[in-house]
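All remarks here apply to the structure that follows.
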Amino acid sequence: MTRIIGSAVLAAAAVASASASATPEWRVIDNAFSAVTIGIAFKDDKTGWTSHTDGASKPVIVRTQDGGSTWKEVNTSGIEILTMGVTTMTGPLTRVATTGLLGSSLFSLDGDHFKQSLGAPLVSQDIKFQAGQVTIASPDGVCFSTTSGLLYDCKKVPLKNKGTGRYAAAPSKDIVFLTAGTWPSRQSNNTRRDGSQVARLTNAVRVVYNKKNGANGTLSSKLELGMEQVDAPPTNGTYTAELWKSSDGGKTWKNLI
């Protein structure tokens, strides 16, 4: 369910070109842009942000000002482990917000300098600028920011299957939707024998992280590509799906399915 943009398609990546006499078409700007890129947002046809990694180093946030032809790493002063989503406002003001693993959500008021968000969920893969606010889906509900991503206020949803929140949409400050669900897995848990934790993005992409020297130690992470070898049988033979709606900004919720 995570949205991952392939390197051959990305480059904000493939852009549509059209003329008065030609049919609009897609063309690849850079077919070796990034080993893995997750999340992308453009404020206009020239300026956008996404994540980039060469496969040997952790992903970083990059910016383009020429429609994806060239990209430059931005300055970050917050936690940057793995960007899972990017969003931006359209119009004259530059406002960018990201979400990621282990509370690594960031925000920027100029598009070049990104700082740590406060109150964002520990894990998320979905973020949007809608109705004058930033909306993040969390495993347990929806988080809102009216400060362009600086501060978040999180609302819990009474999910039937706890911790399965996926995507959120808020077309207005009152109306909010959240989807939630799970799918069958061959992996029985997210902890390996060496104690490292695994965050699975797809069947072939995952992040492995490990905290050394106790709770106050350093946190290391690495990106793994390719199919994972597991011996455990499927732990869930069915899919689960939920769709929730709030008409009062997240105070109360109704299950629609």
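Labeling convention for the structure tokens: chains A, B, ... as they appear, residues from 1 per chain, ligands from 1 in order of appearance.
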
Cut-off 12 Å: closest region 80-147 of chain A/region 192-201 of chain A atom pairs per residue, using only C-alpha atoms, as a tab-separated table:
```
residue	atom	partner	partner_atom	distance
A:Ile81	CA	A:Ala199	CA	11.8
A:Leu82	CA	A:Ala199	CA	10.4
A:Thr83	CA	A:Leu201	CA	11.5
A:Met84	CA	A:Leu201	CA	9.2
A:Gly100	CA	A:Ala199	CA	11.2
A:Leu101	CA	A:Ala199	CA	8.4
A:Leu102	CA	A:Ala199	CA	10.0
A:Val123	CA	A:Ala199	CA	9.6
A:Ser124	CA	A:Leu201	CA	11.0
A:Gln125	CA	A:Leu201	CA	9.2
```

Contacts of region 89-91 of chain A at 7 Å (only C-alpha atoms; same-chain gap of 2+ positions) as a PyMOL selection string
chain A and resi 43-44+93-96+129

What would the file look like if the residues just selected were written as a short mmCIF file (atom, residue, chain, number, x, y, z; two decimals), in the first residue's frame with C-alpha atoms?
```cif
data_model
loop_
_atom_site.label_atom_id
_atom_site.label_comp_id
_atom_site.auth_asym_id
_atom_site.auth_seq_id
_atom_site.Cartn_x
_atom_site.Cartn_y
_atom_site.Cartn_z
CA LYS A 43 4.18 23.30 -6.12
CA ASP A 44 4.23 24.22 -9.81
CA LEU A 93 4.08 30.72 -0.65
CA THR A 94 6.50 27.82 -0.24
CA ARG A 95 5.38 25.35 2.39
CA VAL A 96 6.65 21.75 2.37
CA PHE A 129 -1.88 19.70 2.27
#
```

Could you pull the residues within 10 Å of Ala137 (chain A), counting only C-alpha atoms, minus those fewer than 4 positions along the same chain, as a list in words?
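The neighbour list is Thr99, Ala120, Pro121, Val123, Ser124, Gln125, Asp126, Ile127, Lys128, Gly141, Val142, Cys143, Phe144, Cys154, Lys155, Gly165, Arg166, Tyr167, Ala168, Ala169, Phe177, Leu178, Thr179 and Ala180 of chain A.
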
Now that the selection is made, can you save its residues with N, CA and C atoms as a PDB file, in the first residue's frame?
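The file below, again_15.pdb, is the result:
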```pdb
ATOM      1  N   THR A  99       6.683  13.176   5.896  1.00  0.00           N
ATOM      2  CA  THR A  99       6.459  12.223   6.974  1.00  0.00           C
ATOM      3  C   THR A  99       7.349  11.013   6.736  1.00  0.00           C
ATOM      4  N   ALA A 120       4.143  14.741  15.561  1.00  0.00           N
ATOM      5  CA  ALA A 120       3.793  13.884  14.427  1.00  0.00           C
ATOM      6  C   ALA A 120       3.814  12.416  14.853  1.00  0.00           C
ATOM      7  N   PRO A 121       3.090  11.548  14.154  1.00  0.00           N
ATOM      8  CA  PRO A 121       3.075  10.129  14.529  1.00  0.00           C
ATOM      9  C   PRO A 121       4.426   9.469  14.326  1.00  0.00           C
ATOM     10  N   VAL A 123       5.085   6.575  12.989  1.00  0.00           N
ATOM     11  CA  VAL A 123       5.167   5.957  11.666  1.00  0.00           C
ATOM     12  C   VAL A 123       4.004   6.447  10.817  1.00  0.00           C
ATOM     13  N   SER A 124       4.284   6.814   9.575  1.00  0.00           N
ATOM     14  CA  SER A 124       3.228   7.199   8.645  1.00  0.00           C
ATOM     15  C   SER A 124       3.741   7.066   7.230  1.00  0.00           C
ATOM     16  N   GLN A 125       2.819   6.866   6.286  1.00  0.00           N
ATOM     17  CA  GLN A 125       3.196   6.776   4.889  1.00  0.00           C
ATOM     18  C   GLN A 125       2.327   7.686   4.019  1.00  0.00           C
ATOM     19  N   ASP A 126       1.545   8.576   4.650  1.00  0.00           N
ATOM     20  CA  ASP A 126       0.616   9.404   3.889  1.00  0.00           C
ATOM     21  C   ASP A 126       0.549  10.801   4.487  1.00  0.00           C
ATOM     22  N   ILE A 127       0.711  11.835   3.649  1.00  0.00           N
ATOM     23  CA  ILE A 127       0.660  13.218   4.106  1.00  0.00           C
ATOM     24  C   ILE A 127       0.100  14.083   2.982  1.00  0.00           C
ATOM     25  N   LYS A 128      -0.735  15.059   3.344  1.00  0.00           N
ATOM     26  CA  LYS A 128      -1.368  15.915   2.345  1.00  0.00           C
ATOM     27  C   LYS A 128      -1.545  17.333   2.885  1.00  0.00           C
ATOM     28  N   GLY A 141      -4.888   6.732  13.769  1.00  0.00           N
ATOM     29  CA  GLY A 141      -5.823   7.815  13.522  1.00  0.00           C
ATOM     30  C   GLY A 141      -5.294   8.816  12.512  1.00  0.00           C
ATOM     31  N   VAL A 142      -5.625  10.085  12.749  1.00  0.00           N
ATOM     32  CA  VAL A 142      -5.250  11.155  11.828  1.00  0.00           C
ATOM     33  C   VAL A 142      -4.664  12.318  12.625  1.00  0.00           C
ATOM     34  N   CYS A 143      -3.585  12.915  12.104  1.00  0.00           N
ATOM     35  CA  CYS A 143      -2.943  14.057  12.744  1.00  0.00           C
ATOM     36  C   CYS A 143      -3.084  15.284  11.850  1.00  0.00           C
ATOM     37  N   PHE A 144      -3.326  16.446  12.470  1.00  0.00           N
ATOM     38  CA  PHE A 144      -3.543  17.684  11.731  1.00  0.00           C
ATOM     39  C   PHE A 144      -2.550  18.751  12.178  1.00  0.00           C
ATOM     40  N   CYS A 154      -3.096  15.079  17.073  1.00  0.00           N
ATOM     41  CA  CYS A 154      -3.509  13.762  16.578  1.00  0.00           C
ATOM     42  C   CYS A 154      -4.834  13.329  17.204  1.00  0.00           C
ATOM     43  N   LYS A 155      -5.723  12.809  16.359  1.00  0.00           N
ATOM     44  CA  LYS A 155      -7.019  12.301  16.790  1.00  0.00           C
ATOM     45  C   LYS A 155      -7.065  10.786  16.575  1.00  0.00           C
ATOM     46  N   GLY A 165      -4.167   1.886  10.426  1.00  0.00           N
ATOM     47  CA  GLY A 165      -4.472   3.090   9.659  1.00  0.00           C
ATOM     48  C   GLY A 165      -3.492   3.276   8.511  1.00  0.00           C
ATOM     49  N   ARG A 166      -3.981   3.701   7.330  1.00  0.00           N
ATOM     50  CA  ARG A 166      -3.143   3.798   6.138  1.00  0.00           C
ATOM     51  C   ARG A 166      -3.153   5.187   5.512  1.00  0.00           C
ATOM     52  N   TYR A 167      -4.318   5.611   5.007  1.00  0.00           N
ATOM     53  CA  TYR A 167      -4.397   6.862   4.252  1.00  0.00           C
ATOM     54  C   TYR A 167      -5.551   7.715   4.757  1.00  0.00           C
ATOM     55  N   ALA A 168      -5.342   9.047   4.707  1.00  0.00           N
ATOM     56  CA  ALA A 168      -6.354   9.983   5.184  1.00  0.00           C
ATOM     57  C   ALA A 168      -6.587  11.077   4.155  1.00  0.00           C
ATOM     58  N   ALA A 169      -7.777  11.642   4.187  1.00  0.00           N
ATOM     59  CA  ALA A 169      -8.122  12.770   3.332  1.00  0.00           C
ATOM     60  C   ALA A 169      -9.028  13.700   4.107  1.00  0.00           C
ATOM     61  N   PHE A 177     -11.596  11.607   6.275  1.00  0.00           N
ATOM     62  CA  PHE A 177     -11.731  10.188   6.003  1.00  0.00           C
ATOM     63  C   PHE A 177     -10.429   9.479   6.362  1.00  0.00           C
ATOM     64  N   LEU A 178     -10.525   8.231   6.813  1.00  0.00           N
ATOM     65  CA  LEU A 178      -9.355   7.397   7.070  1.00  0.00           C
ATOM     66  C   LEU A 178      -9.622   5.989   6.569  1.00  0.00           C
ATOM     67  N   THR A 179      -8.682   5.452   5.782  1.00  0.00           N
ATOM     68  CA  THR A 179      -8.749   4.048   5.402  1.00  0.00           C
ATOM     69  C   THR A 179      -7.777   3.264   6.271  1.00  0.00           C
ATOM     70  N   ALA A 180      -8.122   2.012   6.516  1.00  0.00           N
ATOM     71  CA  ALA A 180      -7.267   1.139   7.323  1.00  0.00           C
ATOM     72  C   ALA A 180      -7.381  -0.273   6.790  1.00  0.00           C
TER      73      ALA A 180
END
```

Counting only C-alpha atoms, which residues of region 154-192 of chain A sit at most 9 Å from some atom of region 236-256 of chain A, and what is each one's closest atom pair with its distance in Å to one decimal, listed by chain and rising residue number, as JSON lines?
```
{"residue": "A:Cys154", "atom": "CA", "partner": "A:Gly250", "partner_atom": "CA", "distance": 8.7}
{"residue": "A:Lys155", "atom": "CA", "partner": "A:Gly250", "partner_atom": "CA", "distance": 5.8}
{"residue": "A:Lys156", "atom": "CA", "partner": "A:Gly250", "partner_atom": "CA", "distance": 7.7}
{"residue": "A:Val157", "atom": "CA", "partner": "A:Trp253", "partner_atom": "CA", "distance": 6.6}
{"residue": "A:Pro158", "atom": "CA", "partner": "A:Trp253", "partner_atom": "CA", "distance": 7.5}
{"residue": "A:Leu159", "atom": "CA", "partner": "A:Glu242", "partner_atom": "CA", "distance": 7.7}
{"residue": "A:Lys160", "atom": "CA", "partner": "A:Glu242", "partner_atom": "CA", "distance": 7.9}
{"residue": "A:Asn161", "atom": "CA", "partner": "A:Thr240", "partner_atom": "CA", "distance": 7.9}
{"residue": "A:Thr164", "atom": "CA", "partner": "A:Ala241", "partner_atom": "CA", "distance": 8.9}
{"residue": "A:Gly165", "atom": "CA", "partner": "A:Glu242", "partner_atom": "CA", "distance": 8.6}
{"residue": "A:Ala170", "atom": "CA", "partner": "A:Gly249", "partner_atom": "CA", "distance": 8.6}
{"residue": "A:Ser172", "atom": "CA", "partner": "A:Gly249", "partner_atom": "CA", "distance": 8.4}
{"residue": "A:Lys173", "atom": "CA", "partner": "A:Gly249", "partner_atom": "CA", "distance": 5.7}
{"residue": "A:Asp174", "atom": "CA", "partner": "A:Gly249", "partner_atom": "CA", "distance": 4.1}
{"residue": "A:Ile175", "atom": "CA", "partner": "A:Ser247", "partner_atom": "CA", "distance": 4.6}
{"residue": "A:Val176", "atom": "CA", "partner": "A:Ser246", "partner_atom": "CA", "distance": 5.1}
{"residue": "A:Phe177", "atom": "CA", "partner": "A:Lys245", "partner_atom": "CA", "distance": 4.6}
{"residue": "A:Leu178", "atom": "CA", "partner": "A:Trp244", "partner_atom": "CA", "distance": 5.2}
{"residue": "A:Thr179", "atom": "CA", "partner": "A:Leu243", "partner_atom": "CA", "distance": 4.6}
{"residue": "A:Ala180", "atom": "CA", "partner": "A:Glu242", "partner_atom": "CA", "distance": 4.9}
{"residue": "A:Gly181", "atom": "CA", "partner": "A:Ala241", "partner_atom": "CA", "distance": 4.3}
{"residue": "A:Thr182", "atom": "CA", "partner": "A:Thr240", "partner_atom": "CA", "distance": 5.2}
{"residue": "A:Trp183", "atom": "CA", "partner": "A:Tyr239", "partner_atom": "CA", "distance": 4.6}
{"residue": "A:Pro184", "atom": "CA", "partner": "A:Asn236", "partner_atom": "CA", "distance": 4.7}
{"residue": "A:Ser185", "atom": "CA", "partner": "A:Asn236", "partner_atom": "CA", "distance": 6.2}
{"residue": "A:Arg186", "atom": "CA", "partner": "A:Asn236", "partner_atom": "CA", "distance": 8.1}
```

Write out as a PyMOL selection string all residues of region 8-203 of chain A that DSSP puts in strand (DSSP E) for this structure's backbone.
chain A and resi 14-19+22-28+40-42+48-52+60-64+72-73+75-76+83-88+96-100+106-108+113-116+126-130+133-138+141-145+153-156+165-169+176-182+197-200

Between A:Ala32, A:Met227, A:Leu122, A:Leu109, which is the closest to His52 (chain A) once you count only C-alpha atoms?
A:Ala32

Mind giving me the straight-line distance from CA of Thr135 (chain A) to CA of Gly48 (chain A) in Å, one decimal?
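So the answer is 18.9 Å.
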
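Restricting the calculation to only C-alpha atoms, the smallest distance between Ile29 (chain A) and any of A:Ala41, A:Asn210, A:Ser69, A:Gln116 is found for A:Ser69.
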